[in-house]
file entry.pdb (PDB, C-alpha atoms)
ATOM      1  CA  MET F 232      -7.723  -4.810  17.552  1.00  0.00           C
ATOM      2  CA  SER F 233      -6.289  -7.611  15.471  1.00  0.00           C
ATOM      3  CA  GLU F 234      -5.316  -5.736  12.313  1.00  0.00           C
ATOM      4  CA  THR F 235      -2.351  -7.170  10.434  1.00  0.00           C
ATOM      5  CA  LEU F 236       0.664  -4.873  10.261  1.00  0.00           C
ATOM      6  CA  LEU F 237       2.788  -5.086   7.141  1.00  0.00           C
ATOM      7  CA  GLU F 238       6.513  -4.360   7.028  1.00  0.00           C
ATOM      8  CA  THR F 239       7.827  -2.002   4.347  1.00  0.00           C
ATOM      9  CA  LYS F 240       9.142  -4.921   2.269  1.00  0.00           C
ATOM     10  CA  ASP F 241       5.686  -6.562   2.354  1.00  0.00           C
ATOM     11  CA  VAL F 242       4.042  -3.322   1.223  1.00  0.00           C
ATOM     12  CA  ALA F 243       6.607  -3.012  -1.577  1.00  0.00           C
ATOM     13  CA  ASP F 244       5.849  -6.564  -2.707  1.00  0.00           C
ATOM     14  CA  ARG F 245       2.100  -5.977  -2.712  1.00  0.00           C
ATOM     15  CA  LEU F 246       2.368  -2.708  -4.641  1.00  0.00           C
ATOM     16  CA  CYS F 247       5.104  -3.980  -6.981  1.00  0.00           C
ATOM     17  CA  ILE F 248       7.342  -1.040  -6.091  1.00  0.00           C
ATOM     18  CA  SER F 249      10.688  -0.667  -4.347  1.00  0.00           C
ATOM     19  CA  VAL F 250      11.143  -0.451  -0.584  1.00  0.00           C
ATOM     20  CA  ARG F 251      12.715   2.964  -1.192  1.00  0.00           C
ATOM     21  CA  ARG F 252       9.469   4.185  -2.816  1.00  0.00           C
ATOM     22  CA  VAL F 253       7.448   2.837   0.130  1.00  0.00           C
ATOM     23  CA  ARG F 254       9.703   4.725   2.524  1.00  0.00           C
ATOM     24  CA  LYS F 255       9.140   7.898   0.502  1.00  0.00           C
ATOM     25  CA  LEU F 256       5.359   7.402   0.745  1.00  0.00           C
ATOM     26  CA  LEU F 257       5.743   7.014   4.511  1.00  0.00           C
ATOM     27  CA  ALA F 258       8.042  10.040   4.845  1.00  0.00           C
ATOM     28  CA  THR F 259       5.616  12.254   2.931  1.00  0.00           C
ATOM     29  CA  GLU F 260       2.696  10.833   4.945  1.00  0.00           C
ATOM     30  CA  GLN F 261       0.872   9.688   1.817  1.00  0.00           C
ATOM     31  CA  LEU F 262       0.540   6.229   3.357  1.00  0.00           C
ATOM     32  CA  SER F 263      -0.679   5.872   6.947  1.00  0.00           C
ATOM     33  CA  HIS F 264       1.641   3.915   9.179  1.00  0.00           C
ATOM     34  CA  VAL F 265       2.773   3.055  12.683  1.00  0.00           C
ATOM     35  CA  LYS F 266       6.325   3.671  13.841  1.00  0.00           C
ATOM     36  CA  ILE F 267       7.642   1.326  16.502  1.00  0.00           C
ATOM     37  CA  GLY F 268      11.204   2.152  17.425  1.00  0.00           C
ATOM     38  CA  ARG F 269      13.018   2.538  14.110  1.00  0.00           C
ATOM     39  CA  GLN F 270      10.655   0.311  12.152  1.00  0.00           C
ATOM     40  CA  PHE F 271       7.601   1.324  10.143  1.00  0.00           C
ATOM     41  CA  PHE F 272       4.502  -0.819   9.801  1.00  0.00           C
ATOM     42  CA  VAL F 273       1.460  -0.288   7.593  1.00  0.00           C
ATOM     43  CA  PRO F 274      -1.928  -1.640   8.701  1.00  0.00           C
ATOM     44  CA  GLU F 275      -3.646  -3.612   5.920  1.00  0.00           C
ATOM     45  CA  TYR F 276      -6.628  -1.223   6.020  1.00  0.00           C
ATOM     46  CA  ALA F 277      -4.287   1.730   5.383  1.00  0.00           C
ATOM     47  CA  LEU F 278      -2.905   0.019   2.287  1.00  0.00           C
ATOM     48  CA  GLU F 279      -6.444  -0.687   1.037  1.00  0.00           C
ATOM     49  CA  ASP F 280      -7.425   2.959   1.693  1.00  0.00           C
ATOM     50  CA  PHE F 281      -4.329   4.191  -0.164  1.00  0.00           C
ATOM     51  CA  LEU F 282      -5.149   2.044  -3.192  1.00  0.00           C
ATOM     52  CA  PHE F 283      -8.798   3.134  -3.174  1.00  0.00           C
ATOM     53  CA  GLU F 284      -7.833   6.829  -3.005  1.00  0.00           C
ATOM     54  CA  HIS F 285      -5.399   6.482  -5.929  1.00  0.00           C
ATOM     55  CA  MET F 286      -7.563   4.279  -8.142  1.00  0.00           C
ATOM     56  CA  VAL F 287      -8.088   5.537 -11.677  1.00  0.00           C
ATOM     57  CA  HIS F 288     -11.234   4.042 -13.144  1.00  0.00           C
ATOM     58  CA  SER F 289     -11.443   2.929 -16.745  1.00  0.00           C
ATOM     59  CA  LYS F 290     -13.681   4.933 -19.065  1.00  0.00           C
ATOM     60  CA  ALA F 291     -14.595   1.678 -20.824  1.00  0.00           C
ATOM     61  CA  GLY F 292     -16.479   0.539 -17.719  1.00  0.00           C
ATOM     62  CA  ASN F 293     -14.652  -2.784 -17.463  1.00  0.00           C
ATOM     63  CA  THR F 294     -15.843  -4.146 -14.105  1.00  0.00           C
ATOM     64  CA  GLN F 295     -13.896  -7.415 -14.027  1.00  0.00           C
ATOM     65  CA  ASN F 296     -12.037  -7.964 -10.805  1.00  0.00           C
ATOM     66  CA  ARG F 297      -8.390  -8.529 -11.585  1.00  0.00           C
ATOM     67  CA  THR F 298      -5.570  -9.091  -9.173  1.00  0.00           C
ATOM     68  CA  PRO F 299      -2.480  -7.155 -10.259  1.00  0.00           C
ATOM     69  CA  LYS F 300       0.683  -9.214 -10.655  1.00  0.00           C
ATOM     70  CA  CYS F 301       4.245  -7.936 -10.438  1.00  0.00           C
ATOM     71  CA  ARG F 302       6.481  -8.564 -13.408  1.00  0.00           C
TER      72      ARG F 302
END
call {"tool": "encode", "arguments": {"input": "entry.pdb", "output": "structure tokens"}}
result
Amino acid sequence: MSETLLETKDVADRLCISVRRVRKLLATEQLSHVKIGRQFFVPEYALEDFLFEHMVHSKAGNTQNRTPKCR
């Protein structure tokens, strides 16, 4: 198993949200994670699954692949 584990700050950066919000997602078990000692890590596949499950598709049918950018 060579899956990359992301720290909470890395997940926050990728989702363009705060670390506090990531911790809330972990606490409510909405985002799968691994706890090692006092630290939480999110496997990349778990982040991809989370995004897929929460995706809202456009009614316009726009199929262009766009990478979201944080402001």
call {"tool": "closest_atom_pairs", "arguments": {"input": "entry.pdb", "of": "region 254-279 of chain F", "to": "region 232-245 of chain F", "cutoff": "10 Å", "atoms": "only C-alpha atoms", "output": "Markdown table"}}
result
| residue | atom | partner | partner_atom | distance |
| --- | --- | --- | --- | --- |
| F:Arg254 | CA | F:Thr239 | CA | 7.2 |
| F:Leu257 | CA | F:Thr239 | CA | 9.3 |
| F:His264 | CA | F:Leu236 | CA | 8.9 |
| F:Val265 | CA | F:Leu236 | CA | 8.6 |
| F:Gln270 | CA | F:Glu238 | CA | 8.1 |
| F:Phe271 | CA | F:Glu238 | CA | 6.6 |
| F:Phe272 | CA | F:Glu238 | CA | 4.9 |
| F:Val273 | CA | F:Leu237 | CA | 5.0 |
| F:Pro274 | CA | F:Leu236 | CA | 4.4 |
| F:Glu275 | CA | F:Thr235 | CA | 5.9 |
| F:Tyr276 | CA | F:Glu234 | CA | 7.9 |
| F:Ala277 | CA | F:Leu236 | CA | 9.6 |
| F:Leu278 | CA | F:Val242 | CA | 7.8 |
call {"tool": "atom_distance", "arguments": {"input": "entry.pdb", "atom1": "CA of Leu262 (chain F)", "atom2": "CA of Phe281 (chain F)"}}
result
6.3 Å
call {"tool": "resolve_selection", "arguments": {"input": "entry.pdb", "expression": "the PyMOL selection byres ((chain F and resi 302) around 9)", "output": "PyMOL selection string"}}
result
chain F and resi 247+300-301
call {"tool": "write_last_selection", "arguments": {"input": "entry.pdb", "atoms": "C-alpha atoms", "output": "short mmCIF file (atom, residue, chain, number, x, y, z; two decimals), keeping the file's coordinate frame"}}
result
data_model
loop_
_atom_site.label_atom_id
_atom_site.label_comp_id
_atom_site.auth_asym_id
_atom_site.auth_seq_id
_atom_site.Cartn_x
_atom_site.Cartn_y
_atom_site.Cartn_z
CA CYS F 247 5.10 -3.98 -6.98
CA LYS F 300 0.68 -9.21 -10.66
CA CYS F 301 4.24 -7.94 -10.44
#
call {"tool": "atom_distance", "arguments": {"input": "entry.pdb", "atom1": "CA of Phe283 (chain F)", "atom2": "CA of Val253 (chain F)"}}
result
16.6 Å
call {"tool": "atom_distance", "arguments": {"input": "entry.pdb", "atom1": "CA of Ser289 (chain F)", "atom2": "CA of Gln261 (chain F)"}}
result
23.3 Å
call {"tool": "build_atoms", "arguments": {"input": "entry.pdb", "residues": "region 236-248 of chain F", "atoms": "N, CA and C atoms", "output": "PDB file, in the coordinates of the input"}}
result
ATOM      1  N   LEU F 236      -0.288  -5.928  10.589  1.00  0.00           N
ATOM      2  CA  LEU F 236       0.664  -4.873  10.261  1.00  0.00           C
ATOM      3  C   LEU F 236       1.666  -5.419   9.262  1.00  0.00           C
ATOM      4  N   LEU F 237       1.873  -4.669   8.204  1.00  0.00           N
ATOM      5  CA  LEU F 237       2.788  -5.086   7.141  1.00  0.00           C
ATOM      6  C   LEU F 237       4.106  -4.321   7.261  1.00  0.00           C
ATOM      7  N   GLU F 238       5.208  -5.014   7.060  1.00  0.00           N
ATOM      8  CA  GLU F 238       6.513  -4.360   7.028  1.00  0.00           C
ATOM      9  C   GLU F 238       6.672  -3.658   5.679  1.00  0.00           C
ATOM     10  N   THR F 239       7.635  -2.757   5.592  1.00  0.00           N
ATOM     11  CA  THR F 239       7.827  -2.002   4.347  1.00  0.00           C
ATOM     12  C   THR F 239       8.102  -2.921   3.164  1.00  0.00           C
ATOM     13  N   LYS F 240       8.851  -4.000   3.377  1.00  0.00           N
ATOM     14  CA  LYS F 240       9.142  -4.921   2.269  1.00  0.00           C
ATOM     15  C   LYS F 240       7.875  -5.634   1.805  1.00  0.00           C
ATOM     16  N   ASP F 241       6.950  -5.918   2.730  1.00  0.00           N
ATOM     17  CA  ASP F 241       5.686  -6.562   2.354  1.00  0.00           C
ATOM     18  C   ASP F 241       4.808  -5.602   1.553  1.00  0.00           C
ATOM     19  N   VAL F 242       4.801  -4.335   1.959  1.00  0.00           N
ATOM     20  CA  VAL F 242       4.042  -3.322   1.223  1.00  0.00           C
ATOM     21  C   VAL F 242       4.627  -3.170  -0.178  1.00  0.00           C
ATOM     22  N   ALA F 243       5.942  -3.133  -0.275  1.00  0.00           N
ATOM     23  CA  ALA F 243       6.607  -3.012  -1.577  1.00  0.00           C
ATOM     24  C   ALA F 243       6.236  -4.183  -2.479  1.00  0.00           C
ATOM     25  N   ASP F 244       6.223  -5.379  -1.921  1.00  0.00           N
ATOM     26  CA  ASP F 244       5.849  -6.564  -2.707  1.00  0.00           C
ATOM     27  C   ASP F 244       4.411  -6.479  -3.196  1.00  0.00           C
ATOM     28  N   ARG F 245       3.517  -6.053  -2.336  1.00  0.00           N
ATOM     29  CA  ARG F 245       2.100  -5.977  -2.712  1.00  0.00           C
ATOM     30  C   ARG F 245       1.831  -4.906  -3.758  1.00  0.00           C
ATOM     31  N   LEU F 246       2.575  -3.801  -3.692  1.00  0.00           N
ATOM     32  CA  LEU F 246       2.368  -2.708  -4.641  1.00  0.00           C
ATOM     33  C   LEU F 246       3.265  -2.818  -5.876  1.00  0.00           C
ATOM     34  N   CYS F 247       4.157  -3.792  -5.872  1.00  0.00           N
ATOM     35  CA  CYS F 247       5.104  -3.980  -6.981  1.00  0.00           C
ATOM     36  C   CYS F 247       5.991  -2.750  -7.178  1.00  0.00           C
ATOM     37  N   ILE F 248       6.443  -2.191  -6.058  1.00  0.00           N
ATOM     38  CA  ILE F 248       7.342  -1.040  -6.091  1.00  0.00           C
ATOM     39  C   ILE F 248       8.526  -1.336  -5.180  1.00  0.00           C
TER      40      ILE F 248
END
